[in-house]
Every structure is written in structure tokens, then in C-alpha cells.
file my_file.cif (mmCIF, C-alpha atoms (C1' of nucleotides))
data_start
#
loop_
_atom_site.label_atom_id
_atom_site.label_comp_id
_atom_site.auth_asym_id
_atom_site.auth_seq_id
_atom_site.Cartn_x
_atom_site.Cartn_y
_atom_site.Cartn_z
CA MET A 1 85.39 113.99 106.07
CA GLY A 2 83.73 113.53 109.42
CA VAL A 3 80.14 114.24 110.24
CA PRO A 4 78.92 117.73 109.25
CA ILE A 5 77.13 118.77 112.45
CA ARG A 6 79.24 121.84 113.21
CA PRO A 7 76.32 124.32 113.17
CA LEU A 8 74.77 122.48 116.13
CA LEU A 9 77.92 122.98 118.17
CA GLU A 10 77.97 126.79 118.13
CA GLY A 11 78.31 127.98 121.68
CA TYR A 12 79.77 124.69 122.89
CA ARG A 13 83.23 125.00 121.36
CA HIS A 14 85.15 126.68 124.16
CA PRO A 15 88.65 128.11 123.76
CA VAL A 16 90.92 126.37 126.23
CA GLY A 17 94.38 127.21 127.60
CA TRP A 18 97.26 124.76 127.77
CA GLU A 19 97.14 124.64 131.57
CA GLU A 20 93.70 123.06 131.38
CA LEU A 21 94.84 120.43 128.89
CA LYS A 22 97.26 118.56 131.14
CA GLY A 23 96.45 114.87 131.12
CA VAL A 24 96.24 112.00 128.66
CA ALA A 25 95.35 112.95 125.11
CA ALA A 26 93.94 110.12 122.97
CA ILE A 27 94.92 111.32 119.51
CA ASP A 28 93.13 110.11 116.39
CA ALA A 29 96.27 109.01 114.53
CA HIS A 30 94.75 108.97 111.06
CA ASN A 31 93.38 112.46 111.56
CA ALA A 32 96.72 113.77 112.83
CA LEU A 33 98.67 112.13 110.01
CA TYR A 34 96.26 113.52 107.46
CA GLN A 35 96.69 117.00 108.89
CA PHE A 36 100.48 116.73 108.71
CA ILE A 37 100.60 115.21 105.24
CA SER A 38 98.13 117.64 103.77
CA ILE A 39 99.46 120.81 105.38
CA ILE A 40 103.24 120.37 105.63
CA ARG A 41 103.96 121.21 102.02
CA GLN A 42 105.80 123.74 99.95
CA PRO A 43 103.78 126.51 98.30
CA ASP A 44 103.38 124.46 95.10
CA GLY A 45 102.06 121.49 97.08
CA THR A 46 105.19 119.35 97.15
CA PRO A 47 105.43 117.52 100.51
CA LEU A 48 108.70 117.20 102.44
CA LYS A 49 110.61 114.22 101.01
CA ASP A 50 113.93 112.51 101.63
CA THR A 51 116.50 111.90 98.89
CA GLU A 52 114.75 108.67 97.94
CA GLY A 53 111.46 110.45 97.46
CA ARG A 54 109.79 109.11 100.60
CA ILE A 55 107.39 111.56 102.27
CA THR A 56 108.63 112.90 105.61
CA SER A 57 106.07 115.63 106.40
CA HIS A 58 104.38 113.51 109.05
CA LEU A 59 107.67 112.69 110.79
CA SER A 60 108.43 116.38 111.14
CA GLY A 61 104.92 117.01 112.42
CA ILE A 62 104.97 114.22 115.00
CA LEU A 63 108.43 115.13 116.25
CA PHE A 64 107.77 118.79 116.92
CA ARG A 65 104.25 118.28 118.20
CA THR A 66 105.39 115.60 120.63
CA ALA A 67 108.03 117.92 122.06
CA HIS A 68 105.44 120.60 122.46
CA LEU A 69 102.85 118.38 124.15
CA LEU A 70 105.37 116.91 126.60
CA GLU A 71 106.49 120.41 127.55
CA LYS A 72 102.87 121.20 128.36
CA GLU A 73 102.62 118.05 130.50
CA ILE A 74 100.26 116.43 128.05
CA SER A 75 100.76 112.67 127.61
CA PRO A 76 99.80 111.67 124.09
CA VAL A 77 98.65 108.22 123.04
CA TYR A 78 98.00 107.69 119.33
CA ILE A 79 95.01 105.60 118.28
CA TYR A 80 95.23 104.00 114.82
CA ASP A 81 92.23 102.72 112.89
CA GLY A 82 91.70 98.97 112.60
CA SER A 83 89.44 97.31 110.02
CA PRO A 84 86.75 99.65 108.79
CA PRO A 85 83.17 98.38 109.03
CA ASP A 86 81.51 97.32 105.77
CA LEU A 87 79.25 100.33 106.22
CA LYS A 88 82.27 102.54 105.41
CA GLN A 89 83.09 101.02 102.02
CA LYS A 90 81.29 103.67 100.03
CA THR A 91 83.00 106.51 101.92
CA ILE A 92 86.36 104.83 101.34
CA SER A 93 85.88 104.57 97.59
CA GLU A 94 84.56 108.13 97.39
CA ARG A 95 87.66 109.36 99.19
CA ARG A 96 89.86 107.48 96.77
CA GLU A 97 88.13 109.19 93.87
CA VAL A 98 88.58 112.60 95.47
CA ARG A 99 92.29 111.86 95.98
CA GLU A 100 92.77 110.73 92.40
CA ALA A 101 91.01 113.85 91.11
CA GLY A 102 93.21 115.92 93.42
CA GLN A 103 96.32 114.25 92.01
CA ALA A 104 95.24 115.00 88.44
CA ASN A 105 94.30 118.59 89.29
CA TRP A 106 97.63 119.07 91.03
CA GLU A 107 99.64 117.99 87.99
CA ASP A 108 97.40 120.15 85.84
CA ALA A 109 97.84 123.23 88.00
CA LEU A 110 101.61 122.72 88.09
CA ARG A 111 101.69 122.67 84.29
CA ARG A 112 99.67 125.89 84.20
CA GLY A 113 101.97 127.42 86.81
CA ASP A 114 99.00 128.14 89.13
CA THR A 115 100.75 127.68 92.47
CA GLU A 116 97.76 128.32 94.71
CA ALA A 117 95.53 125.88 92.86
CA ALA A 118 98.39 123.39 92.93
CA TYR A 119 98.66 123.66 96.71
CA ARG A 120 94.92 123.12 97.20
CA ALA A 121 94.82 120.16 94.83
CA ALA A 122 97.90 118.64 96.47
CA MET A 123 96.18 118.79 99.86
CA ALA A 124 93.18 116.96 98.44
CA SER A 125 95.49 114.30 96.98
CA SER A 126 96.90 113.39 100.41
CA ARG A 127 96.88 109.70 101.19
CA ILE A 128 97.81 107.89 104.39
CA ASP A 129 99.50 104.75 103.08
CA HIS A 130 101.26 101.86 104.74
CA ALA A 131 104.67 103.55 104.64
CA ILE A 132 103.33 106.62 106.41
CA ILE A 133 101.59 104.59 109.10
CA GLY A 134 104.60 102.35 109.65
CA SER A 135 107.15 105.15 109.83
CA SER A 136 104.96 107.16 112.19
CA GLN A 137 104.72 104.18 114.54
CA ARG A 138 108.49 103.64 114.45
CA LEU A 139 109.08 107.27 115.36
CA LEU A 140 106.55 107.14 118.21
CA ASP A 141 108.33 104.03 119.53
CA ALA A 142 111.66 105.85 119.48
CA LEU A 143 110.08 108.84 121.23
CA GLY A 144 108.61 106.60 123.93
CA ILE A 145 105.08 107.61 123.01
CA PRO A 146 102.50 104.80 123.17
CA TRP A 147 100.17 103.94 120.31
CA MET A 148 97.57 101.28 119.77
CA GLN A 149 95.66 99.79 116.89
CA ALA A 150 91.92 99.97 117.49
CA PRO A 151 89.80 96.96 116.49
CA SER A 152 87.79 99.27 114.22
CA GLU A 153 87.40 103.07 114.22
CA GLY A 154 90.03 104.99 116.17
CA GLU A 155 87.54 107.60 117.33
CA ALA A 156 85.38 104.89 118.87
CA GLN A 157 88.39 103.51 120.72
CA SER A 158 89.29 107.00 121.98
CA ALA A 159 85.80 107.31 123.43
CA ALA A 160 86.23 103.98 125.20
CA LEU A 161 89.57 105.06 126.67
CA ILE A 162 87.94 108.17 128.13
CA GLU A 163 85.06 106.17 129.51
CA SER A 164 87.43 103.80 131.30
CA GLY A 165 89.48 106.67 132.69
CA VAL A 166 92.62 105.85 130.68
CA ALA A 167 92.42 109.05 128.63
CA THR A 168 91.37 112.55 129.65
CA TYR A 169 90.11 113.65 126.25
CA SER A 170 89.94 112.79 122.59
CA VAL A 171 91.89 114.81 120.01
CA SER A 172 90.60 115.13 116.46
CA GLN A 173 89.46 117.78 114.03
CA ASP A 174 86.36 115.69 113.31
CA TYR A 175 83.31 115.45 115.54
CA ASP A 176 82.71 111.71 115.19
CA SER A 177 84.11 110.84 118.60
CA LEU A 178 81.21 112.75 120.18
CA LEU A 179 78.80 110.41 118.41
CA PHE A 180 80.82 107.49 119.77
CA GLY A 181 80.28 108.93 123.24
CA ALA A 182 83.59 110.67 123.97
CA SER A 183 82.75 113.04 126.79
CA VAL A 184 85.53 115.50 125.97
CA LEU A 185 86.78 116.43 122.49
CA VAL A 186 89.71 118.78 121.90
CA ARG A 187 90.33 120.32 118.49
CA ASN A 188 93.23 122.43 117.23
CA LEU A 189 95.77 120.96 119.63
CA THR A 190 98.53 122.86 117.85
CA VAL A 191 101.14 125.36 118.86
CA SER A 192 101.21 127.82 116.00
CA GLY A 193 98.15 130.00 116.07
CA LYS A 194 98.00 130.40 112.33
CA ARG A 195 96.61 128.18 109.62
CA ARG A 196 96.01 128.62 105.92
CA ILE A 197 92.35 128.23 105.08
CA ARG A 198 91.25 128.83 101.49
CA GLY A 199 94.51 130.64 100.87
CA LYS A 200 93.85 133.08 103.73
CA GLN A 201 95.53 132.98 107.12
CA GLN A 202 93.29 132.36 110.12
CA THR A 203 94.16 132.33 113.79
CA ILE A 204 93.48 129.00 115.43
CA SER A 205 93.61 128.06 119.11
CA PRO A 206 92.76 124.88 121.01
CA GLU A 207 89.07 124.38 121.74
CA ARG A 208 87.21 121.91 123.91
CA ILE A 209 83.73 120.44 123.66
CA TYR A 210 82.05 118.62 126.52
CA LEU A 211 79.47 116.13 125.30
CA PRO A 212 77.31 116.31 128.47
CA GLU A 213 77.20 120.11 128.25
CA LEU A 214 76.31 119.90 124.57
CA LEU A 215 73.50 117.39 125.12
CA ASP A 216 72.15 119.27 128.16
CA GLY A 217 72.25 122.56 126.30
CA LEU A 218 70.47 121.16 123.30
CA SER A 219 68.10 119.14 125.51
CA MET A 220 68.73 115.99 123.57
CA THR A 221 70.12 112.51 124.04
CA ARG A 222 73.16 111.03 122.28
CA GLU A 223 70.71 108.84 120.38
CA MET A 224 69.04 111.97 119.01
CA LEU A 225 72.40 113.48 118.06
CA ILE A 226 73.25 110.27 116.21
CA ASP A 227 69.92 110.37 114.35
CA ILE A 228 70.64 113.96 113.31
CA ALA A 229 74.04 112.85 112.04
CA ILE A 230 72.47 109.98 110.12
CA LEU A 231 70.10 112.37 108.36
CA VAL A 232 72.91 114.70 107.27
CA GLY A 233 75.28 111.85 106.46
CA THR A 234 78.14 110.10 108.25
CA ASP A 235 81.10 107.99 107.14
CA PHE A 236 78.71 105.05 107.40
CA ASN A 237 75.69 106.28 105.45
CA ASP A 238 74.87 108.80 102.76
CA GLY A 239 72.43 111.15 104.40
CA ILE A 240 69.27 112.50 102.87
CA TYR A 241 69.62 114.87 99.95
CA GLY A 242 68.53 118.40 100.87
CA ILE A 243 68.66 117.88 104.65
CA GLY A 244 71.34 119.78 106.55
CA PRO A 245 72.02 120.00 110.28
CA LYS A 246 69.28 122.50 111.04
CA LYS A 247 66.50 120.64 109.24
CA ALA A 248 67.74 117.37 110.68
CA GLU A 249 67.59 118.79 114.20
CA LYS A 250 64.00 119.89 113.65
CA ILE A 251 62.99 116.52 112.23
CA VAL A 252 64.48 114.58 115.13
CA ARG A 253 63.00 116.91 117.75
CA GLU A 254 59.57 116.47 116.19
CA GLY A 255 59.98 112.71 116.22
CA ARG A 256 59.74 112.48 112.45
CA PHE A 257 63.00 110.55 111.82
CA ASP A 258 61.33 107.32 110.73
CA GLU A 259 58.68 109.14 108.74
CA VAL A 260 61.23 111.19 106.79
CA LEU A 261 63.37 108.14 106.03
CA ARG A 262 60.33 106.17 104.85
CA GLU A 263 59.45 109.01 102.54
CA LYS A 264 62.89 109.99 101.21
CA ASP A 265 64.89 106.74 101.32
CA PRO A 266 62.68 103.74 102.07
CA ALA A 267 65.42 101.23 101.23
CA PHE A 268 67.77 102.54 103.91
CA ASP A 269 67.85 100.85 107.32
CA PRO A 270 69.41 103.22 109.89
CA ASP A 271 69.67 100.65 112.68
CA PRO A 272 73.12 99.24 111.77
CA VAL A 273 74.54 102.77 111.74
CA ARG A 274 72.90 103.63 115.07
CA GLU A 275 74.23 100.40 116.50
CA PHE A 276 77.73 101.12 115.22
CA PHE A 277 77.85 104.52 116.93
CA LEU A 278 76.29 103.27 120.16
CA SER A 279 78.37 100.12 120.63
CA PRO A 280 81.29 99.97 118.20
CA PRO A 281 84.03 97.33 118.43
CA VAL A 282 86.59 98.53 120.99
CA THR A 283 89.06 96.93 123.36
CA ARG A 284 88.96 97.51 127.11
CA GLU A 285 92.29 95.82 127.74
CA TYR A 286 94.76 98.47 126.63
CA ARG A 287 96.85 100.49 129.11
CA PRO A 288 99.31 102.93 127.53
CA GLU A 289 102.85 103.19 128.88
CA TRP A 290 105.09 106.20 128.34
CA ARG A 291 108.80 105.43 128.20
CA PRO A 292 111.82 107.70 128.18
CA PRO A 293 112.70 108.67 124.63
CA ASP A 294 115.56 106.89 122.87
CA PRO A 295 117.61 109.80 121.49
CA GLU A 296 120.00 107.56 119.54
CA GLY A 297 117.07 105.73 117.97
CA VAL A 298 115.48 109.02 116.94
CA ARG A 299 118.79 110.29 115.49
CA GLU A 300 119.41 107.07 113.61
CA MET A 301 115.99 107.07 112.07
CA LEU A 302 115.55 110.72 111.24
CA ILE A 303 119.11 111.82 110.44
CA GLU A 304 120.70 108.69 108.96
CA GLU A 305 117.65 107.25 107.32
CA TYR A 306 115.52 110.22 106.34
CA GLY A 307 118.11 112.98 106.02
CA PHE A 308 116.85 115.39 108.68
CA SER A 309 119.32 118.06 109.77
CA ALA A 310 121.30 116.96 112.82
CA ASP A 311 121.07 120.42 114.35
CA ARG A 312 117.30 120.53 114.24
CA ILE A 313 117.00 117.03 115.70
CA SER A 314 119.43 117.86 118.51
CA GLY A 315 117.38 120.91 119.40
CA VAL A 316 114.17 118.92 119.72
CA LEU A 317 115.80 116.05 121.58
CA GLU A 318 117.17 118.52 124.08
CA ARG A 319 113.60 119.57 124.82
CA ILE A 320 112.31 116.02 125.17
CA ALA A 321 115.28 114.33 126.84
CA PRO A 322 117.64 116.96 128.26
CA SER A 323 121.18 115.59 128.47
CA ARG A 324 122.97 115.70 131.80
CA SER A 325 125.84 117.69 130.36
CA SER A 326 123.64 120.63 129.50
CA SER A 327 121.50 122.61 131.91
CA GLY A 328 118.81 119.91 131.82
CA GLN A 329 118.02 117.34 134.52
CA LYS A 330 114.92 119.33 135.35
CA ARG A 331 112.32 117.25 133.58
CA LEU A 332 113.93 113.82 133.40
CA ASP A 333 112.28 112.89 136.73
CA GLN A 334 108.93 113.01 134.94
CA TRP A 335 109.64 109.47 133.70
CA PHE A 336 110.41 107.86 137.06
"C1'" DC B 337 102.57 121.78 110.92
"C1'" DC B 338 106.80 123.94 113.49
"C1'" DG B 339 111.14 126.57 114.61
"C1'" DC B 340 114.03 130.10 113.37
"C1'" DG B 341 115.76 134.60 111.88
"C1'" DT B 342 114.57 139.14 111.22
"C1'" DA B 343 111.86 143.22 111.75
"C1'" DA B 344 109.28 146.46 114.43
"C1'" DT C 345 108.00 141.25 123.32
"C1'" DT C 346 105.21 139.91 119.39
"C1'" DA C 347 104.46 139.44 114.11
"C1'" DC C 348 105.69 137.64 109.83
"C1'" DG C 349 108.04 135.02 106.09
"C1'" DC C 350 110.69 131.21 104.98
"C1'" DG C 351 112.59 126.61 104.77
"C1'" DG C 352 112.29 122.08 106.39
"C1'" DG C 353 113.32 116.84 103.67
#
call {"tool": "encode", "arguments": {"input": "my_file.cif", "output": "C-alpha cells"}}
result
Amino acid sequence: MGVPIRPLLEGYRHPVGWEELKGVAAIDAHNALYQFISIIRQPDGTPLKDTEGRITSHLSGILFRTAHLLEKEISPVYIYDGSPPDLKQKTISERREVREAGQANWEDALRRGDTEAAYRAAMASSRIDHAIIGSSQRLLDALGIPWMQAPSEGEAQSAALIESGVATYSVSQDYDSLLFGASVLVRNLTVSGKRRIRGKQQTISPERIYLPELLDGLSMTREMLIDIAILVGTDFNDGIYGIGPKKAEKIVREGRFDEVLREKDPAFDPDPVREFFLSPPVTREYRPEWRPPDPEGVREMLIEEYGFSADRISGVLERIAPSRSSSGQKRLDQWF
DNA sequence: CCGCGTAA
DNA sequence: TTACGCGGG
């Protein structure tokens, strides 16, 4: 998932406080939904579900995260993927196979009573389907949070929104938006500082990467970074067997990119992948609009339709849209 | 993931 | 005040 260039970014992933994150956050919707669906699960891997068996993990995640971001004066806009390029077909089918294996392993581990293995397999089985996308968009509408459908990759669209000044930064756990030219990437935009990784708990805090600082520090161009990514493999090409980020960096610095490809994978033409990263399909028209939340709409959807507890919903709504009767009034002016 | 209750 | 475990749907 995402391009494996993390080792090159050591020293450029800076911890960042919430004060510095005020602004417009262009959130990779697929990435966020995947995080919610894969992580918000019971210990045996069962996701949150309503009485009809529909998954609700993502609704819980969006609701509480939205409240948190608004409190921090961060304006989120969610960017959904459009049609994937043909170049991505192989990645898409490989992901489907991983999911199906995860599903089988999950059922297997449940039968064995191995809860930890079940949780891990369940995470791998996560799938963002039409119902999840549709319900997430309905909830965002009720919350007054804008979202858009990108023509193609969401991360490419996020980069374009930053370039045109509409967004302040891109939010994703993956690094692809850097390849698409996003000048600022923020990871771990979460409130709780803890996350389960390989069964262990790790402390996580928001971090920021500036693309210009990264390229200056590494003394390379974005084109070179893209070539490195192509050698190690992206969502749009396989990468060369046996070449990781460090070797790829060396090869590109020495100007041996073409030579290595000719030798290791003569049939592969890297130009369409380069072209896709450098000028992907994006729209320049979109301007997000934040509206006041519709508390009744949120209640109707989450309590009536999906069986959320009324008390919990009231608590969150009070944070997002303080009612006049209670102490609130203090942050309603933010909308006008 | 997030909020809450409880413990220290 | 902060840390941890639990339940959420």
C-alpha cells in the first residue's frame, strides 16, 4: 500500500503540534476510511456493525475525528478517488487477493480461537465498498464537511488543491501525494496517541513533511524522487526485484536509471508512470464550502438508522454545534 | 479510531 | 493530572 520510500524520509518527518495545523486539510478519503475500517474492531477482528449487519466503524471514526479537527480549527475536506488509471489494474487485483486471503485466514483463526491472529487477518480483509463510501459521504454532508470526487487518484487531487492555495496540506498515511507534488504532507492526524502495531502499543503523534525541504536536503528533483519510487515499485508499476529505496537512490543519483531498467526489465516503459505522477488528471474548478452541521440529520442517520447511542451522539453534536440552551454560543460564529 | 470510567 | 482498559454498533 503506497510507495515504500520511507527510509529516504528519515530526518524530514517532523513532529508537529495542533496549533501549527490550523488550516484546510485535504484528507485522502480512501486512506482515512481504510484506517477506520481496519482499526475500529473488536479484539477478535469483528468490526462495529448495526443490527442489520452493516459496518459502522467508519461512521464512528469520521464523527469523532471531525469533532476533534473542528475544535482544533482545522477545516477538513475529504477527497475521494475517481477512476483508477489502467496502470493500477495489477495493484487492484493484488489487493483483492490479499483481502480474500485475509478473509479466509480470519475465519480460520476464529475457528482455532487465536484472537490475535484473527484481529490481524481481519484488518487485512478490510474492503472499502460502495456502501461504506456512500454512507461516509452522507455523514459528511450532515456534518457540513465538504468532499469531492477526484477525476482519478485522490492524492493527486490533494496536491493540486495545495498548489492552487485551496488546501494547506495533504493528509494521508501514504507518501504518494509527495510524488504528485504535494508540498506539505501530514501523517497521523489523530487524537489518541496510541496505536496497535503488530500487537504492541506504540505512541503516535502528528508529523509533517515538507516536499521542498525533503528535495533540498536530498539534493534531488521531484523527477528523481519519482524515478526512485518507480524502481522500488508504486501502485502503477511493479518495481525491480531486489532493489529497495537505498539502492534505488544510488542508481538514480548515478544516472543509471535507464541502464538498470534495460538490464533488469527491458519490456517495461517507465514513461507513462512518470507522466502520471508529474501531470495526473485533476480538476482546478473545485472550491470547498463548509456549512453549519445539521444536528437533526446526524441524529436521524446515526441513531435511527444505524443504532448509535443517543447519549454519545448528543455529546459529539454539542462539541460541533453547541446549542443555545447550553453554555455554548462560543464557536457558532465560526460559520458566519 | 475515540470517549469514558477508573485508578494512581 | 495523566495512564490504561474497555466498549462502541
call {"tool": "residues_around", "arguments": {"input": "my_file.cif", "residues": "DT346 in chain C", "least_positions_apart": "2", "cutoff": "12 Å", "atoms": "only C-alpha atoms (C1' of nucleotides)", "output": "PDB file with C-alpha atoms (C1' of nucleotides), keeping the file's coordinate frame"}}
result
ATOM      1  C1'  DA B 343     111.860 143.220 111.750  1.00  0.00           C
ATOM      2  C1'  DA B 344     109.280 146.460 114.430  1.00  0.00           C
TER       3       DA B 344
ATOM      4  C1'  DC C 348     105.690 137.640 109.830  1.00  0.00           C
TER       5       DC C 348
END
call {"tool": "interface_residues", "arguments": {"input": "my_file.cif", "of": "chain B", "to": "chain A", "cutoff": "10 Å", "atoms": "only C-alpha atoms (C1' of nucleotides)", "output": "mmCIF file with C-alpha atoms (C1' of nucleotides), keeping the file's coordinate frame"}}
result
data_model
loop_
_atom_site.group_PDB
_atom_site.id
_atom_site.type_symbol
_atom_site.label_atom_id
_atom_site.label_comp_id
_atom_site.auth_asym_id
_atom_site.auth_seq_id
_atom_site.Cartn_x
_atom_site.Cartn_y
_atom_site.Cartn_z
ATOM 1 C "C1'" DC B 337 102.570 121.780 110.920
ATOM 2 C "C1'" DC B 338 106.800 123.940 113.490
ATOM 3 C "C1'" DG B 339 111.140 126.570 114.610
#
call {"tool": "axis_aligned_box", "arguments": {"input": "my_file.cif", "around": "chain B", "padding_each_side": "4 Å", "output": "AutoDock Vina command-line options"}}
result
--center_x 109.2 --center_y 134.1 --center_z 112.8 --size_x 21.2 --size_y 32.7 --size_z 11.7
call {"tool": "resolve_selection", "arguments": {"input": "my_file.cif", "expression": "the PyMOL selection byres ((chain C) within 10 of (chain A))", "output": "NGL selection string"}}
result
:C and (351-353)
call {"tool": "resolve_selection", "arguments": {"input": "my_file.cif", "expression": "the PyMOL selection byres ((chain A and resi 75) around 10)", "output": "PyMOL selection string"}}
result
chain A and resi 21-26+66+69-74+76-77+145-146+167-168+288-290
call {"tool": "closest_residue", "arguments": {"input": "my_file.cif", "among": "A:Ile162, A:Ile240, A:Val98, A:Val171", "to": "Ala32 in chain A", "atoms": "only C-alpha atoms"}}
result
A:Val171
call {"tool": "residues_near_point", "arguments": {"input": "my_file.cif", "point": "(75.2, 118.9, 123.7)", "cutoff": "9 Å", "atoms": "all atoms listed in the file", "output": "PyMOL selection string"}}
result
chain A and resi 8-9+12+209-222+225
call {"tool": "atom_distance", "arguments": {"input": "my_file.cif", "atom1": "CA of Arg262 in chain A", "atom2": "CA of Val3 in chain A"}}
result
22.1 Å
call {"tool": "residues_around", "arguments": {"input": "my_file.cif", "residues": "Ile251 in chain A", "least_positions_apart": "5", "cutoff": "8 Å", "atoms": "all atoms listed in the file", "output": "PyMOL selection string"}}
result
chain A and resi 256-257+260
call {"tool": "build_atoms", "arguments": {"input": "my_file.cif", "residues": "range 145-155 of chain A", "atoms": "all heavy atoms", "output": "PDB file, in the frame of the given file"}}
result
ATOM      1  N   ILE A 145     106.503 107.260 122.978  1.00  0.00           N
ATOM      2  CA  ILE A 145     105.080 107.610 123.010  1.00  0.00           C
ATOM      3  C   ILE A 145     104.251 106.385 122.632  1.00  0.00           C
ATOM      4  O   ILE A 145     104.491 105.768 121.586  1.00  0.00           O
ATOM      5  CB  ILE A 145     104.775 108.750 122.012  1.00  0.00           C
ATOM      6  CG1 ILE A 145     105.619 109.980 122.333  1.00  0.00           C
ATOM      7  CG2 ILE A 145     103.286 109.079 121.993  1.00  0.00           C
ATOM      8  CD1 ILE A 145     105.402 110.542 123.718  1.00  0.00           C
ATOM      9  N   PRO A 146     103.280 106.000 123.467  1.00  0.00           N
ATOM     10  CA  PRO A 146     102.500 104.800 123.170  1.00  0.00           C
ATOM     11  C   PRO A 146     101.494 105.009 122.031  1.00  0.00           C
ATOM     12  O   PRO A 146     101.030 106.116 121.806  1.00  0.00           O
ATOM     13  CB  PRO A 146     101.754 104.536 124.484  1.00  0.00           C
ATOM     14  CG  PRO A 146     101.640 105.878 125.134  1.00  0.00           C
ATOM     15  CD  PRO A 146     102.867 106.641 124.729  1.00  0.00           C
ATOM     16  N   TRP A 147     101.214 103.915 121.342  1.00  0.00           N
ATOM     17  CA  TRP A 147     100.170 103.940 120.310  1.00  0.00           C
ATOM     18  C   TRP A 147      99.481 102.583 120.320  1.00  0.00           C
ATOM     19  O   TRP A 147     100.047 101.601 120.803  1.00  0.00           O
ATOM     20  CB  TRP A 147     100.746 104.235 118.918  1.00  0.00           C
ATOM     21  CG  TRP A 147     101.817 103.306 118.458  1.00  0.00           C
ATOM     22  CD1 TRP A 147     103.171 103.454 118.648  1.00  0.00           C
ATOM     23  CD2 TRP A 147     101.652 102.075 117.744  1.00  0.00           C
ATOM     24  NE1 TRP A 147     103.851 102.392 118.092  1.00  0.00           N
ATOM     25  CE2 TRP A 147     102.945 101.533 117.522  1.00  0.00           C
ATOM     26  CE3 TRP A 147     100.555 101.372 117.257  1.00  0.00           C
ATOM     27  CZ2 TRP A 147     103.159 100.330 116.843  1.00  0.00           C
ATOM     28  CZ3 TRP A 147     100.758 100.175 116.574  1.00  0.00           C
ATOM     29  CH2 TRP A 147     102.059  99.669 116.383  1.00  0.00           C
ATOM     30  N   MET A 148      98.281 102.550 119.851  1.00  0.00           N
ATOM     31  CA  MET A 148      97.570 101.280 119.770  1.00  0.00           C
ATOM     32  C   MET A 148      96.777 101.230 118.479  1.00  0.00           C
ATOM     33  O   MET A 148      96.450 102.248 117.890  1.00  0.00           O
ATOM     34  CB  MET A 148      96.591 101.120 120.942  1.00  0.00           C
ATOM     35  CG  MET A 148      95.353 101.999 120.809  1.00  0.00           C
ATOM     36  SD  MET A 148      94.098 101.714 122.082  1.00  0.00           S
ATOM     37  CE  MET A 148      93.585 100.048 121.709  1.00  0.00           C
ATOM     38  N   GLN A 149      96.512 100.008 118.044  1.00  0.00           N
ATOM     39  CA  GLN A 149      95.660  99.790 116.890  1.00  0.00           C
ATOM     40  C   GLN A 149      94.275  99.451 117.412  1.00  0.00           C
ATOM     41  O   GLN A 149      94.106  98.473 118.150  1.00  0.00           O
ATOM     42  CB  GLN A 149      96.224  98.647 116.077  1.00  0.00           C
ATOM     43  CG  GLN A 149      95.278  98.134 115.047  1.00  0.00           C
ATOM     44  CD  GLN A 149      95.851  98.283 113.645  1.00  0.00           C
ATOM     45  OE1 GLN A 149      96.696  99.141 113.395  1.00  0.00           O
ATOM     46  NE2 GLN A 149      95.404  97.454 112.747  1.00  0.00           N
ATOM     47  N   ALA A 150      93.290 100.249 117.063  1.00  0.00           N
ATOM     48  CA  ALA A 150      91.920  99.970 117.490  1.00  0.00           C
ATOM     49  C   ALA A 150      91.386  98.773 116.707  1.00  0.00           C
ATOM     50  O   ALA A 150      91.855  98.486 115.612  1.00  0.00           O
ATOM     51  CB  ALA A 150      91.041 101.195 117.231  1.00  0.00           C
ATOM     52  N   PRO A 151      90.411  98.053 117.261  1.00  0.00           N
ATOM     53  CA  PRO A 151      89.800  96.960 116.490  1.00  0.00           C
ATOM     54  C   PRO A 151      89.099  97.507 115.247  1.00  0.00           C
ATOM     55  O   PRO A 151      89.097  96.872 114.202  1.00  0.00           O
ATOM     56  CB  PRO A 151      88.772  96.370 117.447  1.00  0.00           C
ATOM     57  CG  PRO A 151      89.048  96.943 118.790  1.00  0.00           C
ATOM     58  CD  PRO A 151      89.826  98.201 118.598  1.00  0.00           C
ATOM     59  N   SER A 152      88.512  98.698 115.365  1.00  0.00           N
ATOM     60  CA  SER A 152      87.790  99.270 114.220  1.00  0.00           C
ATOM     61  C   SER A 152      88.113 100.763 114.150  1.00  0.00           C
ATOM     62  O   SER A 152      89.266 101.132 113.984  1.00  0.00           O
ATOM     63  CB  SER A 152      86.300  98.994 114.380  1.00  0.00           C
ATOM     64  OG  SER A 152      85.581  99.447 113.267  1.00  0.00           O
ATOM     65  N   GLU A 153      87.150 101.634 114.337  1.00  0.00           N
ATOM     66  CA  GLU A 153      87.400 103.070 114.220  1.00  0.00           C
ATOM     67  C   GLU A 153      88.198 103.611 115.413  1.00  0.00           C
ATOM     68  O   GLU A 153      87.859 103.350 116.577  1.00  0.00           O
ATOM     69  CB  GLU A 153      86.065 103.825 114.137  1.00  0.00           C
ATOM     70  CG  GLU A 153      85.297 103.553 112.851  1.00  0.00           C
ATOM     71  CD  GLU A 153      85.992 104.138 111.635  1.00  0.00           C
ATOM     72  OE1 GLU A 153      85.973 105.377 111.466  1.00  0.00           O
ATOM     73  OE2 GLU A 153      86.558 103.364 110.843  1.00  0.00           O
ATOM     74  N   GLY A 154      89.219 104.408 115.120  1.00  0.00           N
ATOM     75  CA  GLY A 154      90.030 104.990 116.170  1.00  0.00           C
ATOM     76  C   GLY A 154      89.231 105.899 117.092  1.00  0.00           C
ATOM     77  O   GLY A 154      89.438 105.937 118.304  1.00  0.00           O
ATOM     78  N   GLU A 155      88.301 106.656 116.516  1.00  0.00           N
ATOM     79  CA  GLU A 155      87.540 107.600 117.330  1.00  0.00           C
ATOM     80  C   GLU A 155      86.632 106.879 118.330  1.00  0.00           C
ATOM     81  O   GLU A 155      86.374 107.394 119.411  1.00  0.00           O
ATOM     82  CB  GLU A 155      86.678 108.497 116.428  1.00  0.00           C
ATOM     83  CG  GLU A 155      87.507 109.163 115.362  1.00  0.00           C
ATOM     84  CD  GLU A 155      87.175 110.626 115.205  1.00  0.00           C
ATOM     85  OE1 GLU A 155      87.241 111.372 116.186  1.00  0.00           O
ATOM     86  OE2 GLU A 155      86.844 111.023 114.092  1.00  0.00           O
TER      87      GLU A 155
END
